[in-house]
Amino acid sequence: MMPPMPIRITLSLVVLVAAITDLQSRRIPNWLTLPALPAGLIAQTVYGDGFWQSLLGALGGFAALFALFAVGAGGAGDVKLFTVVGAFVGIRNLAAVFVLVALIGGVAAVGIDCRSRALPKHQKKNHLIEAACGRGHWA
């Protein structure tokens with residue numbers, strides 16, 4: 001189910017500002033995410049599925065991205081931002097949003113790597129990971 005218009009507009013603005021600051025400085029600032037979290041909780045309470053759906057979405061968003069952060073596959077700003085996204089979309093929509101964010105993030109990462117000519121270096125790492133998986137080292 002698509003979130004109501006006020007939630008979509010506010011979340012889009014938060015994510016847009018986060019993307020711009022992340023591309024410019026490789027950081028997602030606290031001045032953006034800290035006020036956005038209660039805004040998401042309030043927006044989902046007023047316009048969406050309610051406070052508990054929003055809170056569970058925020059906790060689910062935190063848990064999903066913290067697991068990736070813990071293994072070095074993301075930054076703390078990503079965790080903060082996806083916590084905010086979870087608060088805005090609620091627990092019901094979180095899995096679909098996670099998949100969409102992963103796909104868009106993957107395409108963006110390849111584009112940035114191609115632009116900076118770092119793709120061959122990352123492809124070599126991928127081959128090493130695939131080889132280790134194939135030998136059963138990561139099973």
# chains A, B, ... in the order shown; residues from 1 in each chain; ligands from 1
>>> select_by_dssp(residues="chain A", states="helix (DSSP H, G or I)", output="compact mmCIF listing (two decimals) with N, CA, C and O atoms, in the first residue's frame")
# COMPACT_ATOMS: atom_id res chain seq x y z
N MET A 5 0.08 11.05 0.63
CA MET A 5 0.88 12.09 -0.01
C MET A 5 1.77 12.88 0.97
O MET A 5 2.94 13.10 0.66
N PRO A 6 1.27 13.32 2.12
CA PRO A 6 2.17 14.08 3.02
C PRO A 6 3.39 13.28 3.45
O PRO A 6 4.50 13.83 3.56
N ILE A 7 3.21 11.99 3.65
CA ILE A 7 4.33 11.14 4.04
C ILE A 7 5.30 10.99 2.87
O ILE A 7 6.51 11.11 3.03
N ARG A 8 4.78 10.77 1.67
CA ARG A 8 5.64 10.60 0.49
C ARG A 8 6.45 11.86 0.21
O ARG A 8 7.64 11.79 -0.09
N ILE A 9 5.82 13.02 0.31
CA ILE A 9 6.52 14.27 0.01
C ILE A 9 7.61 14.53 1.05
O ILE A 9 8.75 14.84 0.69
N THR A 10 7.26 14.41 2.32
CA THR A 10 8.24 14.67 3.38
C THR A 10 9.40 13.69 3.31
O THR A 10 10.57 14.09 3.39
N LEU A 11 9.09 12.41 3.15
CA LEU A 11 10.16 11.41 3.05
C LEU A 11 11.03 11.65 1.82
O LEU A 11 12.26 11.52 1.89
N SER A 12 10.42 12.01 0.71
CA SER A 12 11.19 12.29 -0.51
C SER A 12 12.17 13.43 -0.29
O SER A 12 13.32 13.37 -0.73
N LEU A 13 11.73 14.47 0.40
CA LEU A 13 12.62 15.61 0.67
C LEU A 13 13.77 15.20 1.59
O LEU A 13 14.92 15.59 1.35
N VAL A 14 13.47 14.42 2.61
CA VAL A 14 14.52 13.97 3.53
C VAL A 14 15.55 13.12 2.78
O VAL A 14 16.76 13.32 2.91
N VAL A 15 15.07 12.18 1.97
CA VAL A 15 15.99 11.30 1.23
C VAL A 15 16.78 12.08 0.19
O VAL A 15 17.97 11.83 -0.01
N LEU A 16 16.16 13.05 -0.46
CA LEU A 16 16.87 13.87 -1.44
C LEU A 16 17.99 14.66 -0.79
O LEU A 16 19.13 14.66 -1.29
N VAL A 17 17.72 15.30 0.32
CA VAL A 17 18.76 16.06 1.04
C VAL A 17 19.86 15.11 1.51
O VAL A 17 21.05 15.42 1.41
N ALA A 18 19.48 13.94 2.01
CA ALA A 18 20.47 12.96 2.45
C ALA A 18 21.35 12.50 1.30
O ALA A 18 22.57 12.38 1.45
N ALA A 19 20.75 12.27 0.14
CA ALA A 19 21.53 11.83 -1.02
C ALA A 19 22.51 12.92 -1.46
O ALA A 19 23.67 12.62 -1.77
N ILE A 20 22.05 14.16 -1.48
CA ILE A 20 22.93 15.25 -1.90
C ILE A 20 24.09 15.41 -0.93
O ILE A 20 25.25 15.50 -1.35
N THR A 21 23.80 15.43 0.37
CA THR A 21 24.89 15.60 1.34
C THR A 21 25.82 14.39 1.34
O THR A 21 27.03 14.54 1.51
N ASP A 22 25.27 13.20 1.13
CA ASP A 22 26.10 12.00 1.09
C ASP A 22 27.04 12.02 -0.12
O ASP A 22 28.21 11.67 -0.02
N LEU A 23 26.53 12.44 -1.26
CA LEU A 23 27.37 12.51 -2.46
C LEU A 23 28.45 13.58 -2.33
O LEU A 23 29.56 13.41 -2.81
N GLN A 24 28.12 14.69 -1.67
CA GLN A 24 29.07 15.79 -1.54
C GLN A 24 30.13 15.52 -0.47
O GLN A 24 31.30 15.80 -0.68
N SER A 25 29.69 15.01 0.68
CA SER A 25 30.62 14.91 1.81
C SER A 25 30.80 13.50 2.36
O SER A 25 31.52 13.32 3.33
N ASN A 30 23.48 14.46 11.21
CA ASN A 30 22.51 14.32 12.30
C ASN A 30 21.44 15.40 12.25
O ASN A 30 20.30 15.14 12.63
N TRP A 31 21.79 16.60 11.77
CA TRP A 31 20.78 17.68 11.71
C TRP A 31 19.64 17.31 10.78
O TRP A 31 18.56 17.88 10.89
N LEU A 32 19.84 16.34 9.92
CA LEU A 32 18.77 15.88 9.04
C LEU A 32 18.01 14.71 9.66
O LEU A 32 16.78 14.72 9.70
N THR A 33 18.73 13.73 10.15
CA THR A 33 18.07 12.50 10.60
C THR A 33 17.42 12.62 11.98
O THR A 33 16.36 12.02 12.20
N LEU A 34 18.01 13.37 12.88
CA LEU A 34 17.44 13.45 14.23
C LEU A 34 16.05 14.09 14.25
O LEU A 34 15.15 13.54 14.88
N PRO A 35 15.81 15.22 13.59
CA PRO A 35 14.44 15.74 13.58
C PRO A 35 13.50 14.96 12.66
O PRO A 35 12.28 14.98 12.84
N ALA A 36 14.06 14.25 11.68
CA ALA A 36 13.22 13.50 10.75
C ALA A 36 12.59 12.27 11.41
O ALA A 36 11.50 11.86 11.02
N LEU A 37 13.25 11.72 12.42
CA LEU A 37 12.70 10.53 13.07
C LEU A 37 11.38 10.83 13.78
O LEU A 37 10.37 10.16 13.50
N PRO A 38 11.31 11.83 14.66
CA PRO A 38 10.00 12.12 15.25
C PRO A 38 8.99 12.62 14.21
O PRO A 38 7.79 12.37 14.35
N ALA A 39 9.47 13.29 13.17
CA ALA A 39 8.55 13.72 12.10
C ALA A 39 7.91 12.51 11.43
O ALA A 39 6.72 12.51 11.12
N GLY A 40 8.71 11.47 11.21
CA GLY A 40 8.18 10.24 10.62
C GLY A 40 7.18 9.55 11.53
O GLY A 40 6.14 9.07 11.08
N LEU A 41 7.50 9.50 12.82
CA LEU A 41 6.58 8.89 13.78
C LEU A 41 5.26 9.66 13.82
O LEU A 41 4.18 9.05 13.82
N ILE A 42 5.34 10.98 13.83
CA ILE A 42 4.13 11.80 13.86
C ILE A 42 3.35 11.67 12.55
O ILE A 42 2.12 11.50 12.56
N ALA A 43 4.04 11.73 11.43
CA ALA A 43 3.37 11.64 10.13
C ALA A 43 2.64 10.30 9.97
O ALA A 43 1.49 10.26 9.53
N GLN A 44 3.29 9.23 10.36
CA GLN A 44 2.65 7.92 10.24
C GLN A 44 1.49 7.78 11.22
O GLN A 44 0.47 7.14 10.92
N THR A 45 1.60 8.43 12.38
CA THR A 45 0.51 8.40 13.36
C THR A 45 -0.71 9.16 12.85
O THR A 45 -1.84 8.69 12.95
N VAL A 46 -0.46 10.33 12.25
CA VAL A 46 -1.56 11.19 11.80
C VAL A 46 -2.13 10.72 10.46
O VAL A 46 -3.35 10.63 10.30
N TYR A 47 -1.29 10.41 9.50
CA TYR A 47 -1.74 10.13 8.14
C TYR A 47 -1.72 8.65 7.75
O TYR A 47 -2.31 8.27 6.76
N PHE A 51 0.98 4.94 15.28
CA PHE A 51 2.26 5.09 15.95
C PHE A 51 3.02 3.78 16.04
O PHE A 51 4.22 3.74 15.79
N TRP A 52 2.34 2.70 16.40
CA TRP A 52 3.05 1.43 16.60
C TRP A 52 3.62 0.88 15.30
O TRP A 52 4.72 0.31 15.29
N GLN A 53 2.89 1.04 14.20
CA GLN A 53 3.41 0.62 12.90
C GLN A 53 4.67 1.42 12.55
O GLN A 53 5.63 0.89 12.01
N SER A 54 4.64 2.71 12.86
CA SER A 54 5.78 3.57 12.60
C SER A 54 6.97 3.20 13.48
O SER A 54 8.10 3.10 12.99
N LEU A 55 6.72 2.99 14.75
CA LEU A 55 7.80 2.62 15.68
C LEU A 55 8.41 1.29 15.29
O LEU A 55 9.64 1.14 15.27
N LEU A 56 7.57 0.32 14.95
CA LEU A 56 8.10 -0.98 14.50
C LEU A 56 8.88 -0.83 13.20
O LEU A 56 9.89 -1.51 12.98
N GLY A 57 8.40 0.04 12.31
CA GLY A 57 9.14 0.30 11.08
C GLY A 57 10.50 0.90 11.35
O GLY A 57 11.50 0.52 10.73
N ALA A 58 10.56 1.84 12.28
CA ALA A 58 11.84 2.46 12.64
C ALA A 58 12.79 1.42 13.24
O ALA A 58 13.97 1.36 12.88
N LEU A 59 12.27 0.59 14.14
CA LEU A 59 13.10 -0.45 14.75
C LEU A 59 13.56 -1.48 13.72
O LEU A 59 14.70 -1.94 13.74
N GLY A 60 12.65 -1.84 12.81
CA GLY A 60 13.03 -2.78 11.74
C GLY A 60 14.06 -2.19 10.81
O GLY A 60 15.01 -2.87 10.39
N GLY A 61 13.89 -0.91 10.46
CA GLY A 61 14.87 -0.24 9.62
C GLY A 61 16.23 -0.16 10.29
O GLY A 61 17.27 -0.40 9.66
N PHE A 62 16.22 0.13 11.58
CA PHE A 62 17.48 0.18 12.33
C PHE A 62 18.14 -1.19 12.34
O PHE A 62 19.33 -1.32 12.06
N ALA A 63 17.36 -2.23 12.66
CA ALA A 63 17.92 -3.59 12.77
C ALA A 63 18.51 -4.06 11.43
O ALA A 63 19.60 -4.63 11.39
N ALA A 64 17.77 -3.80 10.34
CA ALA A 64 18.23 -4.27 9.03
C ALA A 64 19.55 -3.62 8.64
O ALA A 64 20.49 -4.30 8.19
N LEU A 65 19.65 -2.31 8.81
CA LEU A 65 20.87 -1.62 8.38
C LEU A 65 21.99 -1.73 9.40
O LEU A 65 23.16 -1.69 9.04
N PHE A 66 21.65 -1.90 10.69
CA PHE A 66 22.70 -2.08 11.68
C PHE A 66 23.43 -3.39 11.44
O PHE A 66 24.64 -3.47 11.62
N ALA A 67 22.69 -4.42 11.03
CA ALA A 67 23.32 -5.70 10.72
C ALA A 67 24.34 -5.53 9.59
O ALA A 67 25.45 -6.07 9.65
N LEU A 68 23.98 -4.76 8.57
CA LEU A 68 24.92 -4.51 7.48
C LEU A 68 26.10 -3.65 7.95
O LEU A 68 27.24 -3.88 7.57
N PHE A 69 25.81 -2.64 8.78
CA PHE A 69 26.85 -1.79 9.33
C PHE A 69 27.84 -2.60 10.16
O PHE A 69 29.05 -2.39 10.09
N ALA A 70 27.33 -3.55 10.93
CA ALA A 70 28.17 -4.36 11.81
C ALA A 70 29.17 -5.20 11.05
O ALA A 70 30.26 -5.49 11.56
N ALA A 76 27.23 4.45 9.39
CA ALA A 76 26.28 4.80 10.44
C ALA A 76 25.18 5.72 9.91
O ALA A 76 24.03 5.65 10.34
N GLY A 77 25.53 6.57 8.95
CA GLY A 77 24.52 7.44 8.35
C GLY A 77 23.45 6.65 7.63
O GLY A 77 22.27 7.03 7.65
N ASP A 78 23.84 5.55 7.00
CA ASP A 78 22.86 4.68 6.34
C ASP A 78 21.89 4.09 7.36
O ASP A 78 20.69 3.99 7.10
N VAL A 79 22.42 3.69 8.52
CA VAL A 79 21.58 3.15 9.58
C VAL A 79 20.58 4.20 10.05
O VAL A 79 19.39 3.93 10.17
N LYS A 80 21.08 5.41 10.30
CA LYS A 80 20.20 6.49 10.76
C LYS A 80 19.13 6.80 9.72
O LYS A 80 17.95 6.96 10.06
N LEU A 81 19.53 6.88 8.47
CA LEU A 81 18.57 7.23 7.42
C LEU A 81 17.51 6.15 7.24
O LEU A 81 16.33 6.45 7.11
N PHE A 82 17.91 4.88 7.27
CA PHE A 82 16.91 3.84 7.07
C PHE A 82 16.01 3.69 8.30
O PHE A 82 14.87 3.23 8.17
N THR A 83 16.49 4.08 9.47
CA THR A 83 15.62 4.14 10.64
C THR A 83 14.52 5.17 10.41
O THR A 83 13.34 4.92 10.69
N VAL A 84 14.91 6.31 9.87
CA VAL A 84 13.93 7.36 9.54
C VAL A 84 12.96 6.87 8.46
O VAL A 84 11.75 7.06 8.57
N VAL A 85 13.49 6.23 7.43
CA VAL A 85 12.63 5.70 6.37
C VAL A 85 11.62 4.71 6.96
O VAL A 85 10.44 4.75 6.62
N GLY A 86 12.07 3.85 7.86
CA GLY A 86 11.17 2.90 8.50
C GLY A 86 10.06 3.59 9.28
O GLY A 86 8.91 3.14 9.28
N ALA A 87 10.41 4.70 9.95
CA ALA A 87 9.39 5.45 10.70
C ALA A 87 8.35 6.04 9.75
O ALA A 87 7.16 6.06 10.06
N PHE A 88 8.78 6.50 8.59
CA PHE A 88 7.85 7.11 7.64
C PHE A 88 6.98 6.07 6.93
O PHE A 88 5.80 6.30 6.71
N VAL A 89 7.54 4.92 6.56
CA VAL A 89 6.77 3.95 5.76
C VAL A 89 6.08 2.91 6.62
O VAL A 89 5.14 2.26 6.15
N GLY A 90 6.51 2.71 7.85
CA GLY A 90 5.90 1.71 8.72
C GLY A 90 6.41 0.31 8.43
O GLY A 90 7.04 0.05 7.41
N ILE A 91 6.11 -0.58 9.34
CA ILE A 91 6.62 -1.95 9.25
C ILE A 91 6.03 -2.70 8.05
O ILE A 91 6.70 -3.53 7.45
N ARG A 92 4.80 -2.40 7.67
CA ARG A 92 4.15 -3.12 6.57
C ARG A 92 4.85 -2.91 5.23
O ARG A 92 4.87 -3.81 4.39
N ASN A 93 5.38 -1.73 5.01
CA ASN A 93 6.02 -1.41 3.73
C ASN A 93 7.53 -1.52 3.76
O ASN A 93 8.19 -1.30 2.75
N LEU A 94 8.09 -1.84 4.91
CA LEU A 94 9.55 -1.77 5.08
C LEU A 94 10.30 -2.76 4.19
O LEU A 94 11.31 -2.40 3.59
N ALA A 95 9.83 -3.99 4.08
CA ALA A 95 10.55 -4.99 3.28
C ALA A 95 10.60 -4.58 1.81
O ALA A 95 11.66 -4.67 1.17
N ALA A 96 9.49 -4.10 1.28
CA ALA A 96 9.47 -3.67 -0.12
C ALA A 96 10.39 -2.47 -0.33
O ALA A 96 11.12 -2.40 -1.33
N VAL A 97 10.38 -1.54 0.61
CA VAL A 97 11.25 -0.37 0.50
C VAL A 97 12.72 -0.80 0.61
O VAL A 97 13.57 -0.28 -0.12
N PHE A 98 13.02 -1.76 1.47
CA PHE A 98 14.39 -2.25 1.61
C PHE A 98 14.90 -2.83 0.30
O PHE A 98 16.02 -2.53 -0.12
N VAL A 99 14.08 -3.64 -0.36
CA VAL A 99 14.47 -4.22 -1.64
C VAL A 99 14.69 -3.12 -2.68
O VAL A 99 15.68 -3.14 -3.42
N LEU A 100 13.78 -2.17 -2.74
CA LEU A 100 13.90 -1.07 -3.69
C LEU A 100 15.16 -0.24 -3.43
O LEU A 100 15.89 0.08 -4.37
N VAL A 101 15.43 0.06 -2.17
CA VAL A 101 16.63 0.83 -1.82
C VAL A 101 17.89 0.04 -2.19
O VAL A 101 18.85 0.61 -2.69
N ALA A 102 17.88 -1.27 -1.96
CA ALA A 102 19.04 -2.09 -2.30
C ALA A 102 19.29 -2.09 -3.80
O ALA A 102 20.44 -1.97 -4.25
N LEU A 103 18.23 -2.20 -4.59
CA LEU A 103 18.39 -2.18 -6.05
C LEU A 103 18.90 -0.82 -6.54
O LEU A 103 19.84 -0.75 -7.33
N ILE A 104 18.27 0.25 -6.05
CA ILE A 104 18.71 1.59 -6.47
C ILE A 104 20.12 1.86 -5.99
O ILE A 104 20.95 2.40 -6.74
N GLY A 105 20.43 1.46 -4.77
CA GLY A 105 21.78 1.66 -4.24
C GLY A 105 22.82 0.88 -5.02
O GLY A 105 23.93 1.38 -5.25
N GLY A 106 22.49 -0.33 -5.44
CA GLY A 106 23.42 -1.11 -6.24
C GLY A 106 23.72 -0.47 -7.58
O GLY A 106 24.87 -0.39 -8.01
N VAL A 107 22.67 0.00 -8.24
CA VAL A 107 22.85 0.68 -9.53
C VAL A 107 23.67 1.96 -9.34
O VAL A 107 24.59 2.25 -10.12
N ALA A 108 23.36 2.71 -8.29
CA ALA A 108 24.10 3.95 -8.02
C ALA A 108 25.57 3.65 -7.72
O ALA A 108 26.46 4.38 -8.18
N ALA A 109 25.83 2.59 -6.96
CA ALA A 109 27.21 2.24 -6.62
C ALA A 109 28.01 1.87 -7.87
O ALA A 109 29.16 2.28 -8.03
N VAL A 110 27.40 1.12 -8.77
CA VAL A 110 28.09 0.76 -10.01
C VAL A 110 28.35 2.01 -10.84
O VAL A 110 29.44 2.19 -11.40
N GLY A 111 27.37 2.92 -10.88
CA GLY A 111 27.55 4.17 -11.62
C GLY A 111 28.68 5.01 -11.05
O GLY A 111 29.51 5.55 -11.80
N ILE A 112 28.74 5.11 -9.74
CA ILE A 112 29.82 5.88 -9.11
C ILE A 112 31.16 5.21 -9.35
O ILE A 112 32.16 5.88 -9.63
N ASP A 113 31.19 3.89 -9.24
CA ASP A 113 32.44 3.17 -9.51
C ASP A 113 32.91 3.36 -10.95
O ASP A 113 34.10 3.53 -11.20
N CYS A 114 31.99 3.31 -11.89
CA CYS A 114 32.35 3.51 -13.30
C CYS A 114 32.88 4.92 -13.52
O CYS A 114 33.86 5.11 -14.23
N ARG A 115 32.23 5.87 -12.90
CA ARG A 115 32.65 7.27 -13.06
C ARG A 115 34.05 7.50 -12.47
O ARG A 115 34.85 8.25 -13.02
N SER A 116 34.34 6.86 -11.36
CA SER A 116 35.64 7.05 -10.71
C SER A 116 36.67 6.02 -11.16
O SER A 116 37.78 5.99 -10.65
N LEU A 119 35.68 0.47 -10.75
CA LEU A 119 34.95 -0.78 -10.97
C LEU A 119 35.86 -1.99 -11.14
O LEU A 119 35.61 -3.03 -10.54
N PRO A 120 36.95 -1.92 -11.93
CA PRO A 120 37.81 -3.10 -12.05
C PRO A 120 38.36 -3.59 -10.70
O PRO A 120 38.44 -4.79 -10.46
N LYS A 121 38.69 -2.67 -9.81
CA LYS A 121 39.20 -3.04 -8.49
C LYS A 121 38.13 -3.78 -7.70
O LYS A 121 38.40 -4.80 -7.07
N HIS A 122 36.87 -3.29 -7.75
CA HIS A 122 35.79 -3.94 -7.02
C HIS A 122 35.40 -5.26 -7.66
O HIS A 122 35.03 -6.20 -6.96
N GLN A 123 35.51 -5.36 -8.98
CA GLN A 123 35.21 -6.63 -9.63
C GLN A 123 36.21 -7.71 -9.20
O GLN A 123 35.84 -8.85 -9.02
N LYS A 124 37.47 -7.32 -9.03
CA LYS A 124 38.47 -8.28 -8.57
C LYS A 124 38.11 -8.80 -7.18
O LYS A 124 38.19 -9.98 -6.91
N LYS A 125 37.66 -7.91 -6.30
CA LYS A 125 37.24 -8.33 -4.96
C LYS A 125 36.05 -9.27 -5.05
O LYS A 125 35.98 -10.25 -4.31
N ASN A 126 35.11 -8.98 -5.93
CA ASN A 126 33.94 -9.85 -6.08
C ASN A 126 34.34 -11.25 -6.51
O ASN A 126 33.79 -12.23 -6.06
N HIS A 127 35.31 -11.34 -7.43
CA HIS A 127 35.78 -12.65 -7.88
C HIS A 127 36.42 -13.42 -6.73
O HIS A 127 36.25 -14.63 -6.61
N LEU A 128 37.15 -12.73 -5.86
CA LEU A 128 37.75 -13.39 -4.71
C LEU A 128 36.67 -13.90 -3.75
O LEU A 128 36.77 -15.01 -3.21
N ILE A 129 35.62 -13.11 -3.55
CA ILE A 129 34.52 -13.53 -2.68
C ILE A 129 33.80 -14.73 -3.28
O ILE A 129 33.51 -15.71 -2.58
N GLU A 130 33.53 -14.67 -4.59
CA GLU A 130 32.87 -15.79 -5.25
C GLU A 130 33.71 -17.05 -5.17
O GLU A 130 33.19 -18.15 -4.94
N ALA A 131 35.02 -16.91 -5.33
CA ALA A 131 35.90 -18.07 -5.25
C ALA A 131 35.88 -18.67 -3.84
O ALA A 131 35.83 -19.89 -3.68
N ALA A 132 35.90 -17.83 -2.83
CA ALA A 132 35.86 -18.31 -1.45
C ALA A 132 34.55 -19.01 -1.16
O ALA A 132 34.51 -20.05 -0.51
N CYS A 133 33.46 -18.47 -1.66
CA CYS A 133 32.14 -19.10 -1.47
C CYS A 133 32.09 -20.45 -2.18
O CYS A 133 31.53 -21.40 -1.67
N GLY A 134 32.67 -20.50 -3.36
CA GLY A 134 32.66 -21.73 -4.14
C GLY A 134 33.45 -22.85 -3.48
O GLY A 134 33.15 -24.03 -3.66
